[in-house]
>>> print(open('target.json').read())   # JSON, C-alpha atoms
[["chain", "number", "residue", "atom", "x", "y", "z"],
["A", 1, "MET", "CA", -197.38, 46.64, -153.27],
["A", 2, "ALA", "CA", -200.89, 47.92, -152.88],
["A", 3, "GLN", "CA", -202.77, 48.73, -156.03],
["A", 4, "THR", "CA", -204.74, 51.97, -156.33],
["A", 5, "GLN", "CA", -208.39, 51.44, -157.04],
["A", 6, "LEU", "CA", -209.74, 53.73, -159.75],
["A", 7, "LYS", "CA", -213.22, 55.14, -159.40],
["A", 8, "ASN", "CA", -215.62, 56.31, -162.08],
["A", 9, "SER", "CA", -215.35, 59.83, -160.70],
["A", 10, "ASP", "CA", -211.65, 59.84, -161.57],
["A", 11, "PHE", "CA", -212.59, 59.93, -165.26],
["A", 12, "GLU", "CA", -214.98, 62.87, -164.98],
["A", 13, "PRO", "CA", -213.70, 66.24, -166.36],
["A", 14, "LEU", "CA", -212.76, 68.81, -163.79],
["A", 15, "TYR", "CA", -215.02, 71.82, -163.51],
["A", 16, "VAL", "CA", -213.33, 75.02, -164.64],
["A", 17, "ASP", "CA", -214.97, 78.41, -164.39],
["A", 18, "GLU", "CA", -215.57, 79.99, -167.80],
["A", 19, "SER", "CA", -213.51, 83.08, -166.99],
["A", 20, "GLU", "CA", -210.65, 80.89, -165.78],
["A", 21, "ALA", "CA", -210.89, 78.78, -168.92],
["A", 22, "GLU", "CA", -210.34, 81.90, -171.03],
["A", 23, "LYS", "CA", -207.25, 82.75, -169.04],
["A", 24, "ILE", "CA", -205.90, 79.23, -169.48],
["A", 25, "ALA", "CA", -206.61, 79.18, -173.19],
["A", 26, "GLY", "CA", -205.01, 82.58, -173.66],
["A", 27, "GLU", "CA", -205.87, 85.28, -176.17],
["A", 28, "SER", "CA", -205.78, 84.32, -179.82],
["A", 29, "ASN", "CA", -202.84, 85.91, -181.60],
["A", 30, "SER", "CA", -203.37, 86.55, -185.30],
["A", 31, "TYR", "CA", -200.65, 87.49, -187.77],
["A", 32, "TRP", "CA", -201.63, 91.17, -187.73],
["A", 33, "LYS", "CA", -201.95, 91.32, -183.94],
["A", 34, "ASP", "CA", -198.52, 89.79, -183.59],
["A", 35, "ALA", "CA", -197.12, 92.20, -186.19],
["A", 36, "TRP", "CA", -198.62, 95.17, -184.34],
["A", 37, "ARG", "CA", -197.16, 93.90, -181.06],
["A", 38, "ARG", "CA", -193.74, 93.64, -182.67],
["A", 39, "PHE", "CA", -194.08, 97.06, -184.32],
["A", 40, "LYS", "CA", -194.98, 98.73, -181.00],
["A", 41, "LYS", "CA", -191.70, 97.51, -179.53],
["A", 42, "ASN", "CA", -189.80, 99.53, -182.13],
["A", 43, "LYS", "CA", -189.66, 102.93, -180.45],
["A", 44, "LEU", "CA", -187.94, 104.54, -183.43],
["A", 45, "ALA", "CA", -190.71, 103.42, -185.81],
["A", 46, "LEU", "CA", -193.38, 104.67, -183.39],
["A", 47, "SER", "CA", -191.56, 108.01, -183.25],
["A", 48, "GLY", "CA", -191.77, 108.14, -187.05],
["A", 49, "VAL", "CA", -195.54, 107.59, -186.89],
["A", 50, "VAL", "CA", -195.89, 110.41, -184.35],
["A", 51, "VAL", "CA", -193.83, 112.74, -186.55],
["A", 52, "ILE", "CA", -195.98, 112.04, -189.63],
["A", 53, "ILE", "CA", -199.20, 112.56, -187.64],
["A", 54, "LEU", "CA", -197.93, 115.87, -186.27],
["A", 55, "LEU", "CA", -196.85, 117.02, -189.74],
["A", 56, "GLY", "CA", -200.29, 116.14, -191.08],
["A", 57, "ILE", "CA", -202.03, 118.06, -188.31],
["A", 58, "MET", "CA", -199.78, 121.11, -188.72],
["A", 59, "SER", "CA", -200.33, 121.12, -192.48],
["A", 60, "PHE", "CA", -203.93, 122.11, -191.74],
["A", 61, "LEU", "CA", -203.45, 124.18, -188.60],
["A", 62, "GLY", "CA", -200.12, 125.90, -189.29],
["A", 63, "GLY", "CA", -201.54, 128.65, -191.50],
["A", 64, "PRO", "CA", -204.39, 129.69, -189.19],
["A", 65, "ILE", "CA", -202.05, 129.56, -186.17],
["A", 66, "SER", "CA", -199.59, 131.93, -187.81],
["A", 67, "GLY", "CA", -202.22, 134.52, -188.69],
["A", 68, "HIS", "CA", -200.74, 134.85, -192.19],
["A", 69, "ASN", "CA", -201.45, 133.26, -195.54],
["A", 70, "TYR", "CA", -199.00, 131.61, -197.90],
["A", 71, "PHE", "CA", -199.39, 133.90, -200.92],
["A", 72, "SER", "CA", -199.63, 137.55, -199.81],
["A", 73, "ASN", "CA", -196.62, 139.68, -200.82],
["A", 74, "ASP", "CA", -195.32, 142.45, -198.57],
["A", 75, "LEU", "CA", -192.07, 143.85, -199.98],
["A", 76, "LEU", "CA", -191.63, 146.09, -196.95],
["A", 77, "SER", "CA", -191.37, 142.94, -194.83],
["A", 78, "ALA", "CA", -189.05, 141.05, -197.19],
["A", 79, "ASN", "CA", -186.21, 138.90, -195.81],
["A", 80, "LYS", "CA", -187.02, 139.42, -192.16],
["A", 81, "GLN", "CA", -185.34, 137.18, -189.62],
["A", 82, "PRO", "CA", -187.50, 134.84, -187.47],
["A", 83, "SER", "CA", -189.34, 136.89, -184.86],
["A", 84, "ALA", "CA", -192.49, 136.93, -182.75],
["A", 85, "GLU", "CA", -194.44, 138.26, -185.75],
["A", 86, "HIS", "CA", -192.96, 135.88, -188.32],
["A", 87, "TRP", "CA", -191.85, 132.73, -186.50],
["A", 88, "PHE", "CA", -189.80, 131.37, -189.42],
["A", 89, "GLY", "CA", -189.06, 134.78, -190.92],
["A", 90, "THR", "CA", -190.13, 135.99, -194.38],
["A", 91, "ASP", "CA", -188.90, 135.31, -197.91],
["A", 92, "ASN", "CA", -187.69, 137.74, -200.58],
["A", 93, "LEU", "CA", -191.30, 138.73, -201.36],
["A", 94, "GLY", "CA", -192.26, 139.27, -197.75],
["A", 95, "ARG", "CA", -194.34, 136.10, -197.50],
["A", 96, "ASP", "CA", -194.53, 134.40, -194.12],
["A", 97, "ILE", "CA", -192.29, 131.30, -194.21],
["A", 98, "PHE", "CA", -194.10, 129.60, -191.32],
["A", 99, "ALA", "CA", -197.44, 129.71, -193.17],
["A", 100, "ARG", "CA", -195.79, 128.67, -196.44],
["A", 101, "THR", "CA", -193.94, 125.80, -194.74],
["A", 102, "TRP", "CA", -197.15, 124.21, -193.48],
["A", 103, "TYR", "CA", -199.06, 124.88, -196.66],
["A", 104, "GLY", "CA", -196.10, 123.30, -198.46],
["A", 105, "ALA", "CA", -196.40, 120.32, -196.13],
["A", 106, "LYS", "CA", -199.98, 119.85, -197.27],
["A", 107, "ILE", "CA", -198.97, 119.95, -200.96],
["A", 108, "SER", "CA", -195.88, 117.75, -200.56],
["A", 109, "LEU", "CA", -197.67, 115.13, -198.45],
["A", 110, "PHE", "CA", -200.66, 115.10, -200.79],
["A", 111, "ILE", "CA", -198.47, 114.53, -203.85],
["A", 112, "GLY", "CA", -196.43, 111.85, -202.09],
["A", 113, "LEU", "CA", -199.50, 109.98, -200.80],
["A", 114, "MET", "CA", -201.45, 110.18, -204.06],
["A", 115, "ALA", "CA", -198.49, 109.08, -206.18],
["A", 116, "ALA", "CA", -197.87, 106.15, -203.83],
["A", 117, "LEU", "CA", -201.59, 105.22, -203.83],
["A", 118, "ILE", "CA", -201.75, 105.16, -207.64],
["A", 119, "ASP", "CA", -198.55, 103.10, -207.74],
["A", 120, "LEU", "CA", -200.18, 100.73, -205.25],
["A", 121, "ILE", "CA", -203.38, 100.26, -207.27],
["A", 122, "ILE", "CA", -201.69, 99.77, -210.64],
["A", 123, "GLY", "CA", -198.94, 97.60, -209.16],
["A", 124, "ILE", "CA", -201.37, 95.28, -207.37],
["A", 125, "ILE", "CA", -203.58, 94.81, -210.43],
["A", 126, "TRP", "CA", -200.70, 94.34, -212.87],
["A", 127, "GLY", "CA", -198.53, 92.17, -210.65],
["A", 128, "SER", "CA", -201.32, 89.94, -209.34],
["A", 129, "ILE", "CA", -202.68, 89.20, -212.83],
["A", 130, "ALA", "CA", -199.21, 88.43, -214.20],
["A", 131, "GLY", "CA", -198.28, 86.22, -211.24],
["A", 132, "PHE", "CA", -201.61, 84.37, -211.09],
["A", 133, "PHE", "CA", -202.01, 83.44, -214.75],
["A", 134, "GLY", "CA", -198.31, 82.98, -215.54],
["A", 135, "GLY", "CA", -197.23, 81.65, -218.93],
["A", 136, "LYS", "CA", -197.62, 83.97, -221.89],
["A", 137, "VAL", "CA", -199.71, 86.46, -219.92],
["A", 138, "ASP", "CA", -196.93, 86.85, -217.37],
["A", 139, "GLU", "CA", -194.26, 87.02, -220.07],
["A", 140, "TYR", "CA", -195.95, 89.75, -222.10],
["A", 141, "MET", "CA", -196.99, 91.83, -219.10],
["A", 142, "MET", "CA", -193.58, 91.75, -217.49],
["A", 143, "ARG", "CA", -191.84, 92.54, -220.79],
["A", 144, "VAL", "CA", -193.89, 95.72, -220.92],
["A", 145, "ALA", "CA", -192.85, 96.49, -217.35],
["A", 146, "ASP", "CA", -189.19, 95.76, -218.15],
["A", 147, "ILE", "CA", -189.25, 98.11, -221.15],
["A", 148, "LEU", "CA", -190.72, 100.93, -219.06],
["A", 149, "TYR", "CA", -188.30, 100.19, -216.24],
["A", 150, "GLY", "CA", -185.39, 100.51, -218.66],
["A", 151, "VAL", "CA", -186.26, 104.15, -219.33],
["A", 152, "PRO", "CA", -184.68, 106.50, -216.73],
["A", 153, "TYR", "CA", -187.38, 107.46, -214.24],
["A", 154, "LEU", "CA", -186.45, 111.12, -213.82],
["A", 155, "LEU", "CA", -186.04, 111.56, -217.57],
["A", 156, "VAL", "CA", -189.62, 110.40, -218.14],
["A", 157, "VAL", "CA", -190.98, 112.65, -215.40],
["A", 158, "ILE", "CA", -189.08, 115.72, -216.59],
["A", 159, "LEU", "CA", -190.11, 115.12, -220.20],
["A", 160, "LEU", "CA", -193.78, 114.84, -219.27],
["A", 161, "MET", "CA", -193.60, 117.94, -217.10],
["A", 162, "VAL", "CA", -192.14, 119.89, -220.04],
["A", 163, "ILE", "CA", -194.77, 118.63, -222.50],
["A", 164, "LEU", "CA", -197.88, 118.75, -220.30],
["A", 165, "PRO", "CA", -199.35, 121.81, -218.55],
["A", 166, "GLN", "CA", -198.00, 122.32, -215.05],
["A", 167, "GLY", "CA", -200.28, 121.26, -212.22],
["A", 168, "LEU", "CA", -200.51, 118.96, -209.22],
["A", 169, "TRP", "CA", -202.21, 116.13, -211.10],
["A", 170, "THR", "CA", -199.80, 116.45, -214.02],
["A", 171, "LEU", "CA", -196.96, 116.01, -211.55],
["A", 172, "ILE", "CA", -198.62, 113.02, -209.90],
["A", 173, "ILE", "CA", -199.36, 111.32, -213.24],
["A", 174, "ALA", "CA", -195.81, 111.94, -214.45],
["A", 175, "MET", "CA", -194.38, 110.27, -211.35],
["A", 176, "THR", "CA", -196.65, 107.23, -211.64],
["A", 177, "ILE", "CA", -196.01, 106.47, -215.34],
["A", 178, "THR", "CA", -193.21, 104.11, -214.35],
["A", 179, "GLY", "CA", -193.39, 104.37, -210.54],
["A", 180, "TRP", "CA", -195.72, 101.37, -210.19],
["A", 181, "ILE", "CA", -193.29, 98.82, -211.65],
["A", 182, "ASN", "CA", -191.48, 98.01, -208.42],
["A", 183, "MET", "CA", -194.79, 97.38, -206.67],
["A", 184, "ALA", "CA", -195.94, 95.15, -209.54],
["A", 185, "ARG", "CA", -192.80, 93.03, -209.35],
["A", 186, "ILE", "CA", -193.17, 92.51, -205.62],
["A", 187, "VAL", "CA", -196.85, 91.57, -205.90],
["A", 188, "ARG", "CA", -196.13, 89.22, -208.82],
["A", 189, "GLY", "CA", -193.44, 87.38, -206.86],
["A", 190, "GLN", "CA", -195.65, 86.99, -203.82],
["A", 191, "VAL", "CA", -198.65, 85.77, -205.84],
["A", 192, "MET", "CA", -196.53, 83.22, -207.70],
["A", 193, "GLN", "CA", -195.40, 81.78, -204.36],
["A", 194, "LEU", "CA", -198.86, 81.69, -202.82],
["A", 195, "LYS", "CA", -200.98, 80.42, -205.71],
["A", 196, "SER", "CA", -199.83, 76.82, -205.15],
["A", 197, "GLU", "CA", -200.74, 76.85, -201.45],
["A", 198, "GLU", "CA", -203.34, 74.32, -200.28],
["A", 199, "TYR", "CA", -205.95, 76.87, -199.23],
["A", 200, "VAL", "CA", -205.84, 78.45, -202.71],
["A", 201, "LEU", "CA", -206.12, 75.07, -204.46],
["A", 202, "ALA", "CA", -208.97, 74.07, -202.14],
["A", 203, "SER", "CA", -210.86, 77.28, -202.89],
["A", 204, "GLN", "CA", -210.24, 76.77, -206.60],
["A", 205, "SER", "CA", -211.57, 73.22, -206.45],
["A", 206, "LEU", "CA", -214.76, 74.53, -204.82],
["A", 207, "GLY", "CA", -215.40, 76.72, -207.85],
["A", 208, "ALA", "CA", -214.07, 80.10, -206.69],
["A", 209, "SER", "CA", -213.64, 82.55, -209.55],
["A", 210, "ASN", "CA", -210.24, 83.94, -210.50],
["A", 211, "VAL", "CA", -211.24, 87.37, -209.22],
["A", 212, "ARG", "CA", -212.20, 85.90, -205.85],
["A", 213, "LEU", "CA", -208.99, 83.90, -205.66],
["A", 214, "LEU", "CA", -206.92, 86.97, -206.41],
["A", 215, "PHE", "CA", -208.56, 89.55, -204.20],
["A", 216, "LYS", "CA", -209.97, 87.31, -201.46],
["A", 217, "HIS", "CA", -207.07, 84.93, -200.88],
["A", 218, "LEU", "CA", -203.88, 85.96, -202.68],
["A", 219, "VAL", "CA", -203.62, 89.76, -202.51],
["A", 220, "PRO", "CA", -204.61, 90.00, -198.79],
["A", 221, "ASN", "CA", -201.84, 87.55, -197.96],
["A", 222, "THR", "CA", -199.26, 89.73, -199.74],
["A", 223, "MET", "CA", -200.16, 92.85, -197.77],
["A", 224, "GLY", "CA", -197.03, 92.68, -195.62],
["A", 225, "PRO", "CA", -194.52, 93.35, -198.44],
["A", 226, "ILE", "CA", -197.04, 95.67, -200.12],
["A", 227, "LEU", "CA", -197.35, 97.91, -197.04],
["A", 228, "VAL", "CA", -193.60, 98.03, -196.55],
["A", 229, "THR", "CA", -193.08, 98.99, -200.20],
["A", 230, "LEU", "CA", -195.85, 101.58, -200.00],
["A", 231, "THR", "CA", -194.30, 103.18, -196.93],
["A", 232, "LEU", "CA", -190.95, 103.49, -198.68],
["A", 233, "THR", "CA", -192.56, 104.78, -201.90],
["A", 234, "ILE", "CA", -194.04, 107.86, -200.23],
["A", 235, "PRO", "CA", -190.72, 109.54, -199.29],
["A", 236, "THR", "CA", -189.39, 108.82, -202.79],
["A", 237, "ALA", "CA", -192.37, 110.64, -204.30],
["A", 238, "ILE", "CA", -191.95, 113.56, -201.88],
["A", 239, "PHE", "CA", -188.29, 113.89, -202.78],
["A", 240, "THR", "CA", -189.07, 113.69, -206.52],
["A", 241, "GLU", "CA", -191.64, 116.48, -206.17],
["A", 242, "ALA", "CA", -189.14, 118.60, -204.24],
["A", 243, "PHE", "CA", -186.46, 117.99, -206.87],
["A", 244, "LEU", "CA", -188.77, 118.89, -209.78],
["A", 245, "SER", "CA", -190.11, 121.96, -207.97],
["A", 246, "PHE", "CA", -186.54, 122.97, -207.22],
["A", 247, "LEU", "CA", -185.88, 122.87, -210.99],
["A", 248, "GLY", "CA", -189.02, 124.90, -211.66],
["A", 249, "LEU", "CA", -190.90, 121.96, -213.19],
["A", 250, "GLY", "CA", -193.07, 121.03, -210.25],
["A", 251, "VAL", "CA", -195.75, 122.86, -208.31],
["A", 252, "PRO", "CA", -196.84, 126.03, -210.17],
["A", 253, "ALA", "CA", -196.96, 129.46, -208.51],
["A", 254, "PRO", "CA", -198.50, 130.78, -206.37],
["A", 255, "LEU", "CA", -198.83, 127.36, -204.72],
["A", 256, "ALA", "CA", -196.12, 126.48, -202.23],
["A", 257, "SER", "CA", -194.34, 123.21, -201.63],
["A", 258, "TRP", "CA", -191.12, 122.43, -199.82],
["A", 259, "GLY", "CA", -189.44, 122.11, -203.21],
["A", 260, "THR", "CA", -190.58, 125.52, -204.49],
["A", 261, "MET", "CA", -189.58, 127.13, -201.18],
["A", 262, "SER", "CA", -186.11, 125.61, -201.47],
["A", 263, "SER", "CA", -185.81, 126.88, -205.02],
["A", 264, "ASP", "CA", -186.88, 130.39, -204.02],
["A", 265, "ALA", "CA", -184.45, 130.45, -201.09],
["A", 266, "LEU", "CA", -181.38, 129.33, -203.03],
["A", 267, "ALA", "CA", -180.68, 132.72, -204.61],
["A", 268, "SER", "CA", -180.42, 134.44, -201.23],
["A", 269, "PHE", "CA", -178.95, 131.54, -199.27],
["A", 270, "GLN", "CA", -175.67, 133.33, -198.60],
["A", 271, "TYR", "CA", -177.42, 136.17, -196.79],
["A", 272, "PHE", "CA", -180.60, 134.54, -195.49],
["A", 273, "PRO", "CA", -179.86, 130.83, -194.89],
["A", 274, "PHE", "CA", -182.91, 130.41, -192.65],
["A", 275, "GLN", "CA", -185.13, 130.62, -195.74],
["A", 276, "LEU", "CA", -183.68, 127.35, -197.03],
["A", 277, "PHE", "CA", -183.24, 125.70, -193.65],
["A", 278, "PHE", "CA", -186.92, 125.20, -192.81],
["A", 279, "PRO", "CA", -188.17, 123.52, -196.04],
["A", 280, "ALA", "CA", -184.99, 121.43, -196.31],
["A", 281, "PHE", "CA", -185.31, 120.36, -192.67],
["A", 282, "PHE", "CA", -188.90, 119.20, -193.07],
["A", 283, "ILE", "CA", -188.12, 117.34, -196.31],
["A", 284, "CYS", "CA", -185.37, 115.43, -194.49],
["A", 285, "LEU", "CA", -187.52, 114.87, -191.40],
["A", 286, "THR", "CA", -190.45, 113.51, -193.43],
["A", 287, "MET", "CA", -188.27, 111.17, -195.49],
["A", 288, "LEU", "CA", -186.52, 109.92, -192.35],
["A", 289, "ALA", "CA", -189.83, 109.33, -190.56],
["A", 290, "PHE", "CA", -191.30, 107.32, -193.43],
["A", 291, "ASN", "CA", -188.11, 105.30, -193.82],
["A", 292, "VAL", "CA", -187.98, 104.31, -190.16],
["A", 293, "ILE", "CA", -191.67, 103.39, -190.30],
["A", 294, "GLY", "CA", -190.96, 101.22, -193.34],
["A", 295, "ASP", "CA", -188.02, 99.54, -191.61],
["A", 296, "GLY", "CA", -190.14, 98.93, -188.52],
["A", 297, "MET", "CA", -192.93, 97.42, -190.60],
["A", 298, "ARG", "CA", -190.47, 95.20, -192.43],
["A", 299, "ASP", "CA", -189.16, 93.82, -189.13],
["A", 300, "ALA", "CA", -192.68, 93.37, -187.75],
["A", 301, "LEU", "CA", -194.11, 91.65, -190.84],
["A", 302, "ASP", "CA", -191.12, 89.51, -191.81],
["A", 303, "PRO", "CA", -192.09, 85.92, -190.95],
["A", 304, "LYS", "CA", -188.43, 85.03, -190.52],
["A", 305, "GLU", "CA", -188.28, 87.40, -187.57],
["A", 306, "ARG", "CA", -191.41, 86.04, -185.94]]
>>> encode(input="target.json", output="C-alpha cells")
Amino acid sequence: MAQTQLKNSDFEPLYVDESEAEKIAGESNSYWKDAWRRFKKNKLALSGVVVIILLGIMSFLGGPISGHNYFSNDLLSANKQPSAEHWFGTDNLGRDIFARTWYGAKISLFIGLMAALIDLIIGIIWGSIAGFFGGKVDEYMMRVADILYGVPYLLVVILLMVILPQGLWTLIIAMTITGWINMARIVRGQVMQLKSEEYVLASQSLGASNVRLLFKHLVPNTMGPILVTLTLTIPTAIFTEAFLSFLGLGVPAPLASWGTMSSDALASFQYFPFQLFFPAFFICLTMLAFNVIGDGMRDALDPKER
C-alpha cells in the first residue's frame, strides 16, 4: 500500500477572507440578545407591548384630539350617548368621557409606574443587603419585612388614605409602604444564590468593595426576575388605585382616573351603562397587557427554557 507523503505546505493554515471568517464564527449571542429573540417570538407579549405604547400615546393626545377638556361641566349636555361630538358620550355633569378617559389613563399609568418604581428601588436595596450580608443582618431585616407583610395590604393603604391628605403622591406612598416586600424577597433569594459564584469570589479576592460587588455583579445578574416582578407589579398598582378611587379614597376631584370615572358612573349604570364601560374596559385591557408582557418576559428570561 502506497504511503502518502506529507509536505510542509499541508500544515499551513488555510486562508479565509475576513468577511467569511465572521460568517463562520457566527454572531455572538448574549443572554439579553437571546432573551429578546425569545420574547419576539411571543406574539401575544408583543401585542401587549403595542397596547401599552398606544395607551401611553393616547394619554397625551386623546384630550387635544377630542377638542374637549376633562373638567368642564355642561349640564345641558349631561348623559349624552356616544356621538360625533362626544365620541364616548358625556357623564352626569356633561363632561366629555373620551377626554376624561385619556386623562384618566395618564393618571392611572403614572400612579402604577411610580408605585412600581418605588417598590423596585426599595426592594432592590433591602433585599440585596439582606441577601449579601446574611446572618443577623438578614434575620433582622427580613423579620421587619415579615411583620409588615403580615399586615393586610389594603387595610394599610386605606388607613393611610384616611389619615393623610388626599393627593397623587399620598396614594403612591400609601401603596408602597408594604408593596416593596415581594420585590425584596425575590432580590434577596437571587443574591443569596449568586454570592457564592466564582466570579463574585474572584472579584472579592481582588479587593472589590461590597457596594461594587452588589451593584456591579450581583444585582445586574438578578435583573431577569426583577423585571418580571416589576411588570406584574404595575397592573396591581393600577387596580389598587382604581379600587381606592372607586371607594372615594383615591384621586381627588377634579382630577380624573379610571377609578374615579367608574365610581361616578355606578350611580347611573342602569340607564347609561356606556359611562362605566369605557373606564372598566381600559382598566381590564391595561392589566391584561401588562400580565401577558410579564408572562412573555418570564418565558424569555427563564434559563430553564433556554
>>> residues_around(input="target.json", residues="stretch 272-276 of chain A", least_positions_apart="3", cutoff="10 Å", atoms="only C-alpha atoms", output="PyMOL selection string")
chain A and resi 79-82+88-92+97+258-259+261-269+279-281
>>> closest_residue(input="target.json", among="A:Ile177, A:Leu230, A:Met58, A:Leu159", to="A:Ala145", atoms="only C-alpha atoms")
A:Ile177
>>> atom_distance(input="target.json", atom1="atom CA of A:Glu85", atom2="atom CA of A:Ser59")
19.3 Å
>>> closest_residue(input="target.json", among="A:Phe246, A:Phe277, A:Phe132, A:Trp36", to="A:Leu194", atoms="only C-alpha atoms")
A:Phe132
>>> residues_around(input="target.json", residues="A:Val200", least_positions_apart="3", cutoff="12 Å", atoms="only C-alpha atoms", output="PDB file with C-alpha atoms, keeping the file's coordinate frame")
ATOM      1  CA  PHE A 132    -201.610  84.370-211.090  1.00  0.00           C
ATOM      2  CA  VAL A 191    -198.650  85.770-205.840  1.00  0.00           C
ATOM      3  CA  MET A 192    -196.530  83.220-207.700  1.00  0.00           C
ATOM      4  CA  GLN A 193    -195.400  81.780-204.360  1.00  0.00           C
ATOM      5  CA  LEU A 194    -198.860  81.690-202.820  1.00  0.00           C
ATOM      6  CA  LYS A 195    -200.980  80.420-205.710  1.00  0.00           C
ATOM      7  CA  SER A 196    -199.830  76.820-205.150  1.00  0.00           C
ATOM      8  CA  GLU A 197    -200.740  76.850-201.450  1.00  0.00           C
ATOM      9  CA  SER A 203    -210.860  77.280-202.890  1.00  0.00           C
ATOM     10  CA  GLN A 204    -210.240  76.770-206.600  1.00  0.00           C
ATOM     11  CA  SER A 205    -211.570  73.220-206.450  1.00  0.00           C
ATOM     12  CA  LEU A 206    -214.760  74.530-204.820  1.00  0.00           C
ATOM     13  CA  GLY A 207    -215.400  76.720-207.850  1.00  0.00           C
ATOM     14  CA  ALA A 208    -214.070  80.100-206.690  1.00  0.00           C
ATOM     15  CA  SER A 209    -213.640  82.550-209.550  1.00  0.00           C
ATOM     16  CA  ASN A 210    -210.240  83.940-210.500  1.00  0.00           C
ATOM     17  CA  ARG A 212    -212.200  85.900-205.850  1.00  0.00           C
ATOM     18  CA  LEU A 213    -208.990  83.900-205.660  1.00  0.00           C
ATOM     19  CA  LEU A 214    -206.920  86.970-206.410  1.00  0.00           C
ATOM     20  CA  PHE A 215    -208.560  89.550-204.200  1.00  0.00           C
ATOM     21  CA  LYS A 216    -209.970  87.310-201.460  1.00  0.00           C
ATOM     22  CA  HIS A 217    -207.070  84.930-200.880  1.00  0.00           C
ATOM     23  CA  LEU A 218    -203.880  85.960-202.680  1.00  0.00           C
ATOM     24  CA  VAL A 219    -203.620  89.760-202.510  1.00  0.00           C
ATOM     25  CA  ASN A 221    -201.840  87.550-197.960  1.00  0.00           C
TER      26      ASN A 221
END
>>> closest_residue(input="target.json", among="A:Leu301, A:Ile158, A:Ala35, A:Val292", to="A:Phe243", atoms="all atoms listed in the file")
A:Ile158
>>> residues_around(input="target.json", residues="A:Ala116", least_positions_apart="5", cutoff="8 Å", atoms="only C-alpha atoms", output="PyMOL selection string")
chain A and resi 176+230+233-234+237
>>> write_last_selection(input="target.json", atoms="C-alpha atoms", output="tab-separated table (two decimals), in the coordinates of the input")
chain	number	residue	atom	x	y	z
A	176	THR	CA	-196.65	107.23	-211.64
A	230	LEU	CA	-195.85	101.58	-200.00
A	233	THR	CA	-192.56	104.78	-201.90
A	234	ILE	CA	-194.04	107.86	-200.23
A	237	ALA	CA	-192.37	110.64	-204.30
>>> residues_around(input="target.json", residues="A:Ala174", least_positions_apart="4", cutoff="10 Å", atoms="only C-alpha atoms", output="count of residues only")
15
>>> residues_around(input="target.json", residues="A:Thr101", least_positions_apart="2", cutoff="9 Å", atoms="all atoms listed in the file", output="VMD selection string")
chain A and resid 59 62 to 63 70 88 96 to 99 103 to 106 256 to 258 261 278 to 279 282
>>> atom_distance(input="target.json", atom1="atom CA of A:Arg37", atom2="atom CA of A:Gln190")
23.8 Å
>>> closest_residue(input="target.json", among="A:Val151, A:Asn69, A:Arg185, A:Gly224", to="A:Gly296", atoms="all atoms listed in the file")
A:Gly224
>>> closest_residue(input="target.json", among="A:Lys41, A:Pro225, A:Asn291, A:Gly48", to="A:Val187", atoms="all atoms listed in the file")
A:Pro225
>>> atom_distance(input="target.json", atom1="atom CA of A:Met183", atom2="atom CA of A:Ala242")
22.1 Å
>>> residues_near_point(input="target.json", point="(-200.0, 87.9, -215.2)", cutoff="10 Å", atoms="all atoms listed in the file", output="MDAnalysis selection string")
chainID A and resid 125:142 188 191:192
>>> closest_residue(input="target.json", among="A:Gly150, A:Pro235, A:Pro165, A:Gly294", to="A:Leu249", atoms="only C-alpha atoms")
A:Pro165
